[in-house]
>>> print(open('target26.cif').read())   # mmCIF, C-alpha atoms
data_entry
loop_
_atom_site.label_atom_id
_atom_site.label_comp_id
_atom_site.auth_asym_id
_atom_site.auth_seq_id
_atom_site.Cartn_x
_atom_site.Cartn_y
_atom_site.Cartn_z
CA MET L 231 62.77 25.91 -67.31
CA ARG L 232 59.03 25.38 -67.07
CA ALA L 233 57.89 24.48 -63.55
CA LYS L 234 56.66 20.91 -63.12
CA THR L 235 52.92 20.57 -62.65
CA THR L 236 50.47 17.87 -61.61
CA MET L 237 47.71 16.51 -63.85
CA THR L 238 45.43 19.34 -62.66
CA GLY L 239 47.98 22.02 -63.54
CA ALA L 240 49.03 22.63 -59.94
CA LYS L 241 52.67 23.48 -59.31
CA VAL L 242 54.63 20.62 -57.77
CA THR L 243 55.72 21.68 -54.27
CA ASP L 244 58.23 20.31 -51.79
CA GLY L 245 55.71 17.73 -50.62
CA ARG L 246 54.90 19.18 -47.22
CA PRO L 247 51.11 19.19 -46.69
CA VAL L 248 51.07 22.69 -45.24
CA VAL L 249 47.34 23.26 -45.65
CA THR L 250 46.38 19.89 -44.16
CA MET L 251 48.66 20.45 -41.17
CA THR L 252 47.22 23.93 -40.70
CA ILE L 253 43.64 22.64 -40.74
CA ILE L 254 44.52 19.96 -38.18
CA GLY L 255 46.25 22.59 -36.05
CA ILE L 256 43.20 24.87 -36.14
CA CYS L 257 40.90 21.98 -35.18
CA VAL L 258 43.13 21.04 -32.24
CA VAL L 259 43.37 24.64 -31.00
CA MET L 260 39.61 25.04 -31.29
CA PHE L 261 39.08 21.76 -29.46
CA VAL L 262 41.30 22.87 -26.57
CA ALA L 263 39.36 26.13 -26.41
CA GLN L 264 36.13 24.12 -26.26
CA LEU L 265 37.44 22.08 -23.32
CA VAL L 266 38.70 25.15 -21.47
CA LEU L 267 35.86 27.59 -22.14
CA GLY L 268 32.95 25.16 -22.36
CA TRP L 269 29.76 25.10 -24.37
CA ASP L 270 28.12 28.35 -23.24
CA LYS L 271 31.16 30.60 -23.55
CA PHE L 272 32.63 29.21 -26.77
CA THR L 273 31.14 26.25 -28.63
CA SER L 274 27.54 27.51 -28.69
CA GLU L 275 28.72 30.73 -30.34
CA LEU L 276 30.34 28.90 -33.27
CA VAL L 277 28.42 25.65 -33.76
CA PHE L 278 26.19 25.40 -36.83
CA ALA L 279 22.47 25.55 -36.07
CA PRO L 280 19.89 26.33 -38.79
CA SER L 281 17.92 28.63 -36.49
CA ARG L 282 20.97 30.85 -35.92
CA ALA L 283 22.81 30.59 -39.22
CA GLN L 284 20.67 33.15 -41.05
CA ALA L 285 21.73 35.98 -38.76
CA GLU L 286 25.20 34.50 -38.19
CA PRO L 287 26.31 32.92 -41.52
CA TYR L 288 29.89 32.45 -40.28
CA ARG L 289 28.56 29.33 -38.54
CA PHE L 290 28.52 27.54 -41.91
CA ILE L 291 32.34 27.55 -41.62
CA THR L 292 33.16 27.66 -37.91
CA GLY L 293 31.05 24.60 -37.07
CA ALA L 294 33.34 22.50 -39.27
CA PHE L 295 36.34 23.24 -37.05
CA LEU L 296 34.64 22.14 -33.81
CA HIS L 297 34.25 18.66 -32.33
CA ALA L 298 32.22 17.06 -29.58
CA ALA L 299 33.82 17.92 -26.24
CA SER L 300 31.73 15.57 -24.10
CA GLY L 301 30.84 11.89 -24.10
CA GLY L 302 32.95 10.23 -26.78
CA TRP L 303 34.72 13.49 -27.55
CA LEU L 304 38.19 12.05 -28.04
CA VAL L 305 36.96 9.53 -30.60
CA HIS L 306 35.26 12.27 -32.62
CA ILE L 307 38.28 14.49 -33.17
CA LEU L 308 40.75 11.61 -33.46
CA PHE L 309 38.71 9.83 -36.14
CA ASN L 310 38.28 13.00 -38.19
CA MET L 311 41.91 14.10 -37.93
CA MET L 312 43.17 10.60 -38.81
CA ALA L 313 40.91 10.55 -41.88
CA LEU L 314 42.06 14.03 -42.86
CA TRP L 315 45.71 13.06 -42.54
CA ALA L 316 45.14 9.86 -44.53
CA ILE L 317 43.72 11.53 -47.65
CA GLY L 318 44.42 15.25 -47.29
CA PRO L 319 48.13 15.37 -48.23
CA GLN L 320 47.58 13.43 -51.46
CA LEU L 321 44.77 15.71 -52.59
CA GLU L 322 46.68 18.81 -51.53
CA SER L 323 49.64 17.71 -53.64
CA MET L 324 47.48 16.76 -56.62
CA LEU L 325 45.16 19.77 -56.67
CA GLY L 326 47.52 22.43 -55.42
CA ARG L 327 47.10 24.40 -52.24
CA TRP L 328 44.54 27.00 -53.30
CA ARG L 329 42.22 24.47 -54.97
CA TYR L 330 42.54 22.24 -51.92
CA ILE L 331 41.60 25.09 -49.58
CA VAL L 332 38.58 25.95 -51.73
CA LEU L 333 37.56 22.29 -51.83
CA TYR L 334 37.77 21.89 -48.07
CA LEU L 335 35.90 25.10 -47.20
CA LEU L 336 33.15 24.67 -49.78
CA ALA L 337 32.66 21.03 -48.76
CA ALA L 338 32.33 22.21 -45.15
CA ILE L 339 29.72 24.76 -46.22
CA GLY L 340 28.01 22.18 -48.44
CA GLY L 341 27.71 19.78 -45.53
CA ASN L 342 26.03 22.39 -43.36
CA VAL L 343 23.77 23.54 -46.20
CA SER L 344 22.60 19.94 -46.49
CA VAL L 345 21.88 19.89 -42.74
CA LEU L 346 19.89 23.10 -43.25
CA MET L 347 17.93 21.68 -46.17
CA PHE L 348 16.85 18.58 -44.24
CA SER L 349 15.95 20.47 -41.05
CA SER L 350 12.46 21.63 -40.12
CA ILE L 351 10.67 23.50 -37.37
CA GLN L 352 8.11 20.73 -37.01
CA SER L 353 10.67 18.03 -36.27
CA GLY L 354 12.67 20.22 -33.90
CA THR L 355 15.85 19.84 -35.96
CA TRP L 356 15.84 23.55 -36.76
CA ASN L 357 17.40 24.29 -33.37
CA VAL L 358 19.79 21.34 -33.23
CA GLY L 359 23.50 22.19 -33.34
CA THR L 360 25.87 20.34 -35.69
CA LEU L 361 29.65 20.34 -35.43
CA GLY L 362 32.63 18.46 -36.78
CA ALA L 363 34.96 18.29 -39.76
CA SER L 364 33.33 15.18 -41.24
CA GLY L 365 31.32 17.09 -43.85
CA ALA L 366 34.49 18.66 -45.22
CA ILE L 367 36.34 15.33 -45.03
CA PHE L 368 33.54 13.65 -46.98
CA GLY L 369 34.12 16.37 -49.54
CA LEU L 370 37.70 15.15 -49.83
CA PHE L 371 36.39 11.59 -50.28
CA GLY L 372 34.13 12.87 -53.04
CA ALA L 373 36.99 14.65 -54.80
CA LEU L 374 39.03 11.45 -54.73
CA VAL L 375 36.57 9.80 -57.13
CA PRO L 376 37.44 11.91 -60.21
CA VAL L 377 41.12 11.97 -59.22
CA ILE L 378 41.39 8.17 -59.04
CA ARG L 379 39.37 7.79 -62.24
CA LYS L 380 41.71 10.25 -63.95
CA VAL L 381 44.81 8.20 -63.11
CA GLY L 382 43.07 4.91 -63.90
CA GLY L 383 43.11 3.63 -60.33
CA ASP L 384 40.93 0.94 -58.77
CA MET L 385 37.60 2.56 -57.90
CA ARG L 386 36.30 -0.32 -55.78
CA SER L 387 38.29 0.67 -52.69
CA ILE L 388 37.18 4.32 -52.70
CA TYR L 389 33.56 3.40 -53.41
CA GLY L 390 33.67 0.89 -50.56
CA LEU L 391 35.22 3.46 -48.20
CA ILE L 392 32.61 6.07 -49.05
CA GLY L 393 29.78 3.54 -48.78
CA ILE L 394 30.85 2.25 -45.38
CA ASN L 395 31.20 5.74 -43.95
CA LEU L 396 27.84 6.82 -45.33
CA VAL L 397 26.14 3.79 -43.78
CA ILE L 398 27.76 4.58 -40.43
CA GLY L 399 26.08 7.97 -40.56
CA PHE L 400 22.67 6.31 -40.78
CA ILE L 401 23.09 3.66 -38.08
CA VAL L 402 25.26 5.37 -35.44
CA PRO L 403 23.36 7.80 -33.18
CA ASN L 404 24.23 11.52 -33.20
CA VAL L 405 26.07 11.32 -36.52
CA SER L 406 24.96 13.79 -39.18
CA TRP L 407 24.37 11.80 -42.35
CA GLU L 408 22.98 15.01 -43.86
CA GLY L 409 26.33 16.75 -43.40
CA HIS L 410 28.19 13.77 -44.81
CA LEU L 411 25.96 13.64 -47.88
CA GLY L 412 26.19 17.37 -48.57
CA GLY L 413 29.96 17.43 -48.19
CA LEU L 414 30.34 14.38 -50.44
CA ILE L 415 28.25 15.86 -53.26
CA THR L 416 29.98 19.24 -53.05
CA GLY L 417 33.44 17.68 -53.03
CA MET L 418 32.66 15.37 -55.94
CA ALA L 419 31.34 18.26 -58.04
CA LEU L 420 34.42 20.38 -57.36
CA GLY L 421 36.72 17.42 -57.95
CA TYR L 422 35.31 16.88 -61.43
CA LEU L 423 35.64 20.59 -62.21
CA PHE L 424 39.27 20.65 -61.10
CA VAL L 425 40.33 17.36 -62.68
CA ARG L 426 38.37 17.35 -65.93
CA ALA L 427 39.04 20.95 -66.95
CA PRO L 428 40.74 21.36 -70.38
CA LYS L 429 44.41 22.25 -70.08
CA ASP L 430 43.98 25.69 -71.61
CA LYS L 431 40.98 26.52 -69.41
CA ARG L 432 41.97 25.15 -66.03
CA MET L 433 41.93 28.48 -64.25
CA LEU L 434 38.58 29.44 -65.75
CA TYR L 435 37.00 26.11 -64.79
CA SER L 436 38.52 26.14 -61.31
CA VAL L 437 37.63 29.73 -60.39
CA GLY L 438 34.34 29.87 -62.27
CA GLY L 439 33.25 26.45 -61.06
CA SER L 440 34.07 27.28 -57.45
CA VAL L 441 32.11 30.52 -57.64
CA LEU L 442 29.18 28.67 -59.23
CA VAL L 443 29.15 25.99 -56.52
CA PHE L 444 29.29 28.67 -53.81
CA ALA L 445 26.44 30.58 -55.48
CA ILE L 446 24.32 27.41 -55.58
CA LEU L 447 24.93 26.79 -51.88
CA VAL L 448 24.03 30.39 -51.04
CA GLY L 449 20.90 30.18 -53.18
CA LEU L 450 19.73 26.97 -51.50
CA SER L 451 20.32 28.49 -48.07
CA LEU L 452 18.39 31.67 -48.90
CA TRP L 453 15.50 29.60 -50.25
CA LYS L 454 15.34 27.51 -47.07
CA PHE L 455 15.56 30.57 -44.85
CA ALA L 456 12.70 32.16 -46.82
CA GLN L 457 10.59 29.08 -46.10
CA PHE L 458 11.49 29.29 -42.42
CA ASN L 459 10.57 32.99 -42.26
CA ALA L 460 7.25 32.33 -43.98
CA ILE L 461 6.36 29.70 -41.36
CA LEU L 462 7.25 32.07 -38.55
CA SER L 463 5.17 34.82 -40.15
CA SER L 464 2.18 32.49 -40.34
CA PHE L 465 2.38 32.20 -36.55
CA GLY L 466 2.81 35.94 -36.13
CA ILE L 467 6.47 35.62 -35.17
CA GLY L 468 9.27 37.70 -36.61
#
>>> encode(input="target26.cif", output="structure tokens")
Amino acid sequence: MRAKTTMTGAKVTDGRPVVTMTIIGICVVMFVAQLVLGWDKFTSELVFAPSRAQAEPYRFITGAFLHAASGGWLVHILFNMMALWAIGPQLESMLGRWRYIVLYLLAAIGGNVSVLMFSSIQSGTWNVGTLGASGAIFGLFGALVPVIRKVGGDMRSIYGLIGINLVIGFIVPNVSWEGHLGGLITGMALGYLFVRAPKDKRMLYSVGGSVLVFAILVGLSLWKFAQFNAILSSFGIG
């Protein structure tokens, strides 16, 4: 018998959101490590900062698994994990586990690339650290748009949810609207590739599209780093 598949061609699983639970588990473990080891010994070595990401590109990923461990720290991780649990299992089931993993990681990278693109030496944002899963979660919000459109669902609720959360990023202090915007755009692009692919070319669209999105993010980052290096050279630095 042919295995049952979802509308994106993903194999129907037993329903357990294994990937979502794993991501939440990693975030919680990392958060405990942040509390125990502190900023200098742990968080500062993994947080995304444009000035350090060129030499340490792993920060494009690791920063998305960290959360603020001071001030309103509990609100930060709780809000993100609740949002992830609210929408993650549905997307994981619909897209399949490997597409879902790719979506989450590329949205996380896309969020940090957006932070990089909007940063500058003149404004001092080049050295500012950014952390949190919200960029990746906004990528999941973005992917929901083509999914809901595909099944003929009501788009008003998802548009309202995305709009409200984007506005929060602009009016609440210390919230990275740049990361939210980058994650949203990346997730929406991948969502359309995954959902709208012709039946007989799903694998090609999914793999090729993911590679293309990753290449675009790498290209944008290299371009921004080149600008940064040129500015430093003009001051005789580097």
>>> closest_residue(input="target26.cif", among="L:Ser463, L:Gln457, L:Ser440, L:Thr273", to="Ser349 of chain L", atoms="only C-alpha atoms")
L:Gln457
>>> residues_around(input="target26.cif", residues="Trp453 of chain L", least_positions_apart="6", cutoff="12 Å", atoms="all atoms listed in the file", output="PyMOL selection string")
chain L and resi 284+343+346-347+446-447+459-460
>>> axis_aligned_box(input="target26.cif", around="segment 322-327 of chain L", padding_each_side="4 Å", output="AutoDock Vina command-line options")
--center_x 47.4 --center_y 20.6 --center_z -54.1 --size_x 12.5 --size_y 15.6 --size_z 13.1
>>> closest_atom_pairs(input="target26.cif", of="segment 231-334 of chain L", to="segment 354-367 of chain L", cutoff="9 Å", atoms="all atoms listed in the file", output="JSON lines")
{"residue": "L:Cys257", "atom": "CA", "partner": "L:Ala363", "partner_atom": "CA", "distance": 8.4}
{"residue": "L:Ser274", "atom": "CA", "partner": "L:Gly359", "partner_atom": "CA", "distance": 8.1}
{"residue": "L:Leu276", "atom": "CA", "partner": "L:Leu361", "partner_atom": "CA", "distance": 8.9}
{"residue": "L:Val277", "atom": "CA", "partner": "L:Leu361", "partner_atom": "CA", "distance": 5.7}
{"residue": "L:Phe278", "atom": "CA", "partner": "L:Thr360", "partner_atom": "CA", "distance": 5.2}
{"residue": "L:Ala279", "atom": "CA", "partner": "L:Gly359", "partner_atom": "CA", "distance": 4.5}
{"residue": "L:Pro280", "atom": "CA", "partner": "L:Trp356", "partner_atom": "CA", "distance": 5.3}
{"residue": "L:Ser281", "atom": "CA", "partner": "L:Asn357", "partner_atom": "CA", "distance": 5.4}
{"residue": "L:Arg282", "atom": "CA", "partner": "L:Asn357", "partner_atom": "CA", "distance": 7.9}
{"residue": "L:Thr292", "atom": "CA", "partner": "L:Leu361", "partner_atom": "CA", "distance": 8.5}
{"residue": "L:Gly293", "atom": "CA", "partner": "L:Leu361", "partner_atom": "CA", "distance": 4.8}
{"residue": "L:Ala294", "atom": "CA", "partner": "L:Ala363", "partner_atom": "CA", "distance": 4.5}
{"residue": "L:Phe295", "atom": "CA", "partner": "L:Ala363", "partner_atom": "CA", "distance": 5.8}
{"residue": "L:Leu296", "atom": "CA", "partner": "L:Gly362", "partner_atom": "CA", "distance": 5.1}
{"residue": "L:His297", "atom": "CA", "partner": "L:Gly362", "partner_atom": "CA", "distance": 4.7}
{"residue": "L:Ala298", "atom": "CA", "partner": "L:Leu361", "partner_atom": "CA", "distance": 7.2}
{"residue": "L:His306", "atom": "CA", "partner": "L:Gly362", "partner_atom": "CA", "distance": 7.9}
{"residue": "L:Ile307", "atom": "CA", "partner": "L:Gly362", "partner_atom": "CA", "distance": 7.8}
{"residue": "L:Asn310", "atom": "CA", "partner": "L:Ser364", "partner_atom": "CA", "distance": 6.2}
{"residue": "L:Met311", "atom": "CA", "partner": "L:Ala363", "partner_atom": "CA", "distance": 8.3}
{"residue": "L:Ala313", "atom": "CA", "partner": "L:Ile367", "partner_atom": "CA", "distance": 7.3}
{"residue": "L:Leu314", "atom": "CA", "partner": "L:Ile367", "partner_atom": "CA", "distance": 6.3}
{"residue": "L:Ile317", "atom": "CA", "partner": "L:Ile367", "partner_atom": "CA", "distance": 8.7}
{"residue": "L:Gly318", "atom": "CA", "partner": "L:Ile367", "partner_atom": "CA", "distance": 8.4}
{"residue": "L:Leu333", "atom": "CA", "partner": "L:Ala366", "partner_atom": "CA", "distance": 8.1}
{"residue": "L:Tyr334", "atom": "CA", "partner": "L:Ala366", "partner_atom": "CA", "distance": 5.4}
>>> residues_around(input="target26.cif", residues="segment 441-445 of chain L", least_positions_apart="6", cutoff="8 Å", atoms="all atoms listed in the file", output="number ranges by chain")
L: 336, 416, 420
